[in-house]
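Data first, discussion second: the structure below is written as structure tokens.
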Amino acid sequence: QVQLEESGGGLVQPGGSLRLSCAASGSIFRINGMGWYRQAPGKERELVARVDSGGGSYYGDSVKGLFTISRLNAENTVYLQMNTLKPGDAAVYYCKAHGYACSTYGWRAPGPHFENWGQGTLVTVSE
């Protein structure tokens with residue numbers, strides 16, 4: 001069982017910054033990719049940014065140059081630094097991770113693949 005816990009959301013004024021964190025815990029053999037998605041009311045969930053285990057990152061077009069994703073592999077944690085926030089960035093932000101859980105063979109072999117979501121953290125951008 002692998003759990004994801006997000007933190008760092010809140011209310012910020014336009015032009016302000018926030019830093020989101022997501023920590024994965026549980027029976028983890030290896031996490032391959034971690035990322036952030038967001039969903040605003042009435043809209044579909046969209047990719048914000050993702051990072052692979054080697055540090056390669058990808059950003060959605062609307063956040064390029066404004067948001068930065070980073071990852072601490074040793075702590076199974078991913079961060080999202082959000083700068084110059086706009087009202088259009090307001091949404092519930094979800095963390096996602098995929099990889100392999102531990103097996104009965106311990107560290108000698110991976111267990112089942114997982115692809116899990118966090119509960120989400122609300123970001124509000126308003127005066």
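Identifiers in this document derive from the order of the structure tokens: chains are assigned A, B, ..., residues are numbered from 1 separately in each chain, and ligands are numbered from 1 in order of occurrence.
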Skipping near chain neighbours, those fewer than 2 positions away, what residues fall within 6 Å of Gly99 of chain A using only C-alpha atoms, listed as a compact mmCIF listing (two decimals) with N, CA and C atoms, in the first residue's frame?
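Once everything was written out, this is part-v4.txt:
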```
# COMPACT_ATOMS: atom_id res chain seq x y z
N ARG A 30 10.16 1.14 -5.64
CA ARG A 30 10.75 2.19 -6.47
C ARG A 30 9.65 3.07 -7.03
N ILE A 31 9.87 4.38 -7.00
CA ILE A 31 8.96 5.31 -7.66
C ILE A 31 9.61 5.75 -8.96
N ASN A 32 8.92 5.54 -10.06
CA ASN A 32 9.45 5.94 -11.36
C ASN A 32 9.14 7.39 -11.67
N HIS A 113 2.96 -3.17 -9.72
CA HIS A 113 3.00 -1.77 -10.15
C HIS A 113 1.87 -1.00 -9.47
N PHE A 114 2.13 0.24 -9.14
CA PHE A 114 1.08 1.10 -8.60
C PHE A 114 1.06 2.42 -9.34
```
Tell me which protein, DNA and RNA residues are within 7 Å of Lys86 of chain A, counting only C-alpha atoms, leaving out same-chain ones fewer than 5 positions away, and put them as a PyMOL selection string. chain A and resi 14-15+125
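Separating atom CA of Arg71 of chain A from atom CA of Phe29 of chain A is a distance of 16.7 Å.
Nearest to Tyr94 of chain A of all the residues A:Trp117, A:Trp107, A:Tyr59, A:Phe67 is A:Trp117, based on only C-alpha atoms.
Near segment 37-40 of chain A, within a cut-off of 8 Å and counting only C-alpha atoms, sit the residues Glu44, Arg45, Glu46, Leu47, Val48, Ala49, Ala90, Ala91, Val92, Tyr93, Tyr94, Cys95 and Lys96 of chain A, with same-chain residues fewer than 4 positions away left out.
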Written selection (all heavy atoms) as a compact mmCIF listing (two decimals), in the first residue's frame:
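What follows is the written file out_18.txt:
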```txt
# COMPACT_ATOMS: atom_id res chain seq x y z
N GLU A 44 -11.74 19.68 -16.76
CA GLU A 44 -11.11 18.39 -16.62
C GLU A 44 -9.76 18.53 -15.91
O GLU A 44 -9.14 19.59 -15.92
CB GLU A 44 -10.90 17.75 -18.00
CG GLU A 44 -12.20 17.39 -18.71
CD GLU A 44 -11.97 16.55 -19.94
OE1 GLU A 44 -10.80 16.37 -20.31
OE2 GLU A 44 -12.96 16.10 -20.54
N ARG A 45 -9.34 17.42 -15.31
CA ARG A 45 -8.04 17.41 -14.66
C ARG A 45 -6.95 17.51 -15.74
O ARG A 45 -7.02 16.84 -16.77
CB ARG A 45 -7.87 16.13 -13.85
CG ARG A 45 -6.68 16.13 -12.93
CD ARG A 45 -6.69 14.92 -12.00
NE ARG A 45 -7.85 14.91 -11.12
CZ ARG A 45 -8.00 14.05 -10.11
NH1 ARG A 45 -7.06 13.15 -9.86
NH2 ARG A 45 -9.08 14.10 -9.37
N GLU A 46 -5.96 18.36 -15.47
CA GLU A 46 -4.90 18.56 -16.45
C GLU A 46 -3.53 18.42 -15.81
O GLU A 46 -3.35 18.67 -14.61
CB GLU A 46 -5.02 19.96 -17.09
CG GLU A 46 -4.83 21.10 -16.12
CD GLU A 46 -4.80 22.47 -16.81
OE1 GLU A 46 -4.82 22.53 -18.06
OE2 GLU A 46 -4.74 23.48 -16.09
N LEU A 47 -2.57 18.04 -16.62
CA LEU A 47 -1.21 17.92 -16.15
C LEU A 47 -0.62 19.30 -15.92
O LEU A 47 -0.71 20.18 -16.77
CB LEU A 47 -0.36 17.17 -17.18
CG LEU A 47 1.14 17.16 -16.92
CD1 LEU A 47 1.46 16.30 -15.70
CD2 LEU A 47 1.90 16.66 -18.14
N VAL A 48 0.03 19.47 -14.78
CA VAL A 48 0.77 20.69 -14.50
C VAL A 48 2.26 20.46 -14.77
O VAL A 48 2.88 21.18 -15.54
CB VAL A 48 0.57 21.14 -13.04
CG1 VAL A 48 1.41 22.38 -12.75
CG2 VAL A 48 -0.90 21.41 -12.76
N ALA A 49 2.80 19.45 -14.13
CA ALA A 49 4.22 19.12 -14.33
C ALA A 49 4.47 17.71 -13.83
O ALA A 49 3.77 17.22 -12.94
CB ALA A 49 5.11 20.11 -13.58
N ALA A 90 -6.07 28.83 -9.93
CA ALA A 90 -6.83 28.31 -8.81
C ALA A 90 -7.46 26.96 -9.17
O ALA A 90 -8.10 26.83 -10.22
CB ALA A 90 -7.92 29.29 -8.40
N ALA A 91 -7.25 25.99 -8.31
CA ALA A 91 -7.74 24.64 -8.58
C ALA A 91 -7.40 23.76 -7.39
O ALA A 91 -6.68 24.18 -6.47
CB ALA A 91 -7.10 24.07 -9.84
N VAL A 92 -7.89 22.54 -7.43
CA VAL A 92 -7.39 21.51 -6.52
C VAL A 92 -6.20 20.86 -7.21
O VAL A 92 -6.32 20.41 -8.35
CB VAL A 92 -8.46 20.47 -6.19
CG1 VAL A 92 -7.88 19.39 -5.29
CG2 VAL A 92 -9.66 21.13 -5.51
N TYR A 93 -5.09 20.84 -6.53
CA TYR A 93 -3.87 20.25 -7.08
C TYR A 93 -3.68 18.85 -6.51
O TYR A 93 -3.70 18.66 -5.30
CB TYR A 93 -2.67 21.14 -6.75
CG TYR A 93 -2.60 22.37 -7.63
CD1 TYR A 93 -3.53 23.40 -7.50
CD2 TYR A 93 -1.62 22.48 -8.62
CE1 TYR A 93 -3.48 24.51 -8.33
CE2 TYR A 93 -1.57 23.59 -9.45
CZ TYR A 93 -2.50 24.59 -9.29
OH TYR A 93 -2.45 25.70 -10.12
N TYR A 94 -3.46 17.92 -7.41
CA TYR A 94 -3.32 16.51 -7.03
C TYR A 94 -1.91 16.03 -7.36
O TYR A 94 -1.38 16.30 -8.44
CB TYR A 94 -4.32 15.64 -7.78
CG TYR A 94 -5.76 15.92 -7.48
CD1 TYR A 94 -6.49 16.84 -8.24
CD2 TYR A 94 -6.41 15.27 -6.43
CE1 TYR A 94 -7.82 17.10 -7.96
CE2 TYR A 94 -7.74 15.52 -6.15
CZ TYR A 94 -8.43 16.44 -6.92
OH TYR A 94 -9.76 16.70 -6.64
N CYS A 95 -1.37 15.27 -6.45
CA CYS A 95 -0.10 14.60 -6.66
C CYS A 95 -0.37 13.20 -7.21
O CYS A 95 -1.34 12.54 -6.82
CB CYS A 95 0.65 14.51 -5.34
SG CYS A 95 2.22 13.63 -5.39
N LYS A 96 0.48 12.76 -8.11
CA LYS A 96 0.37 11.42 -8.66
C LYS A 96 1.75 10.79 -8.70
O LYS A 96 2.74 11.46 -9.00
CB LYS A 96 -0.20 11.47 -10.09
CG LYS A 96 -0.35 10.12 -10.76
CD LYS A 96 -0.90 10.29 -12.17
CE LYS A 96 -1.00 8.96 -12.89
NZ LYS A 96 -1.51 9.13 -14.28
```
Write out as a ChimeraX atom specification each polymer residue whose atoms come within 10 Å of Leu66 of chain A, counting only C-alpha atoms; drop sequence neighbours fewer than 6 positions from it. /A:17,59,81-85
Could you list, with a cut-off of 8 Å and counting only C-alpha atoms, the residues of segment 29-100 of chain A near segment 21-25 of chain A, each shown with its nearest atom pair and the distance in Å rounded to one decimal, rows sorted by chain and ascending number, as CSV?
```
residue,atom,partner,partner_atom,distance
A:Glu75,CA,A:Ala23,CA,7.5
A:Asn76,CA,A:Ala24,CA,5.4
A:Thr77,CA,A:Ala23,CA,4.4
A:Val78,CA,A:Cys22,CA,5.3
A:Tyr79,CA,A:Ser21,CA,4.5
A:Leu80,CA,A:Ser21,CA,6.5
A:Cys95,CA,A:Cys22,CA,6.3
A:Ala97,CA,A:Ala24,CA,8.0
```
Store the residues of this selection in a file with N, CA and C atoms, as an mmCIF file, in the first residue's frame.
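Output file again.cif is given in full below:
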```cif
data_model
loop_
_atom_site.group_PDB
_atom_site.id
_atom_site.type_symbol
_atom_site.label_atom_id
_atom_site.label_comp_id
_atom_site.auth_asym_id
_atom_site.auth_seq_id
_atom_site.Cartn_x
_atom_site.Cartn_y
_atom_site.Cartn_z
ATOM 1 N N GLU A 75 13.746 10.742 -0.378
ATOM 2 C CA GLU A 75 12.616 10.945 0.535
ATOM 3 C C GLU A 75 11.278 10.709 -0.151
ATOM 4 N N ASN A 76 11.313 10.238 -1.389
ATOM 5 C CA ASN A 76 10.063 9.980 -2.130
ATOM 6 C C ASN A 76 9.127 11.187 -2.074
ATOM 7 N N THR A 77 9.702 12.351 -2.287
ATOM 8 C CA THR A 77 8.958 13.596 -2.173
ATOM 9 C C THR A 77 9.105 14.420 -3.450
ATOM 10 N N VAL A 78 8.023 15.047 -3.842
ATOM 11 C CA VAL A 78 8.044 15.940 -4.989
ATOM 12 C C VAL A 78 7.485 17.291 -4.572
ATOM 13 N N TYR A 79 8.046 18.341 -5.132
ATOM 14 C CA TYR A 79 7.646 19.705 -4.807
ATOM 15 C C TYR A 79 7.197 20.426 -6.080
ATOM 16 N N LEU A 80 6.352 21.411 -5.884
ATOM 17 C CA LEU A 80 5.949 22.274 -6.982
ATOM 18 C C LEU A 80 6.025 23.712 -6.495
ATOM 19 N N CYS A 95 -1.374 15.266 -6.450
ATOM 20 C CA CYS A 95 -0.101 14.601 -6.665
ATOM 21 C C CYS A 95 -0.372 13.200 -7.214
ATOM 22 N N ALA A 97 1.802 9.512 -8.385
ATOM 23 C CA ALA A 97 3.072 8.783 -8.441
ATOM 24 C C ALA A 97 2.833 7.395 -9.005
#
```
In Å, with one decimal, what is the gap from atom CA of Ser53 of chain A to atom CA of Gly65 of chain A?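 Separating atom CA of Ser53 of chain A from atom CA of Gly65 of chain A is a distance of 21.4 Å.
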Residues of segment 32-89 of chain A classed as helix (DSSP H, G or I) by DSSP on the backbone are to be reported as JSON, numbers by chain. {"A": [61, 62, 63, 73, 74, 75, 87, 88, 89]}
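Separating atom CA of Gln119 of chain A from atom CA of Gly54 of chain A is a distance of 25.6 Å.
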Can you pull out every residue from segment 2-80 of chain A that DSSP, working from the backbone, puts in strand (DSSP E or B), and format the result as JSON, numbers by chain? {"A": [2, 3, 4, 5, 6, 7, 10, 11, 12, 18, 19, 20, 21, 22, 23, 24, 25, 26, 28, 29, 30, 31, 32, 33, 34, 35, 36, 37, 38, 39, 46, 47, 48, 49, 50, 51, 52, 57, 58, 59, 67, 68, 69, 70, 71, 72, 77, 78, 79, 80]}
Determine, counting only C-alpha atoms, which protein, DNA and RNA residues have an atom within 8 Å of an atom of Ser126 of chain A; residues of the same chain fewer than 6 positions away are not included. Present the result as a ChimeraX atom specification. /A:11-14,87
Hey, can you spit out that residue selection with N, CA, C and O atoms as a tab-separated table (two decimals), in the first residue's frame?
```
chain	number	residue	atom	x	y	z
A	11	LEU	N	-4.56	30.14	0.31
A	11	LEU	CA	-5.00	31.36	-0.35
A	11	LEU	C	-3.80	32.26	-0.61
A	11	LEU	O	-3.00	32.51	0.30
A	12	VAL	N	-3.70	32.75	-1.82
A	12	VAL	CA	-2.61	33.65	-2.17
A	12	VAL	C	-3.15	34.73	-3.10
A	12	VAL	O	-4.10	34.49	-3.87
A	13	GLN	N	-2.58	35.90	-3.03
A	13	GLN	CA	-2.99	36.99	-3.90
A	13	GLN	C	-2.39	36.80	-5.30
A	13	GLN	O	-1.33	36.17	-5.45
A	14	PRO	N	-3.03	37.36	-6.31
A	14	PRO	CA	-2.43	37.29	-7.66
A	14	PRO	C	-1.02	37.85	-7.65
A	14	PRO	O	-0.74	38.87	-7.02
A	87	PRO	N	-5.37	34.13	-11.13
A	87	PRO	CA	-6.67	33.52	-10.77
A	87	PRO	C	-6.95	32.23	-11.54
A	87	PRO	O	-7.58	31.33	-11.01
```
Residue nearest Arg19 of chain A - candidates A:Thr68, A:Asn116, A:Ser103, A:Ser57, atoms counted: only C-alpha atoms: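 Closest residue, counting only C-alpha atoms: A:Thr68.
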Residue among A:Met34, A:Val2, A:Ala101, A:Ala109 lying closest to Arg50 of chain A, counting only C-alpha atoms: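 For Arg50 of chain A, the nearest of the given residues is A:Met34.
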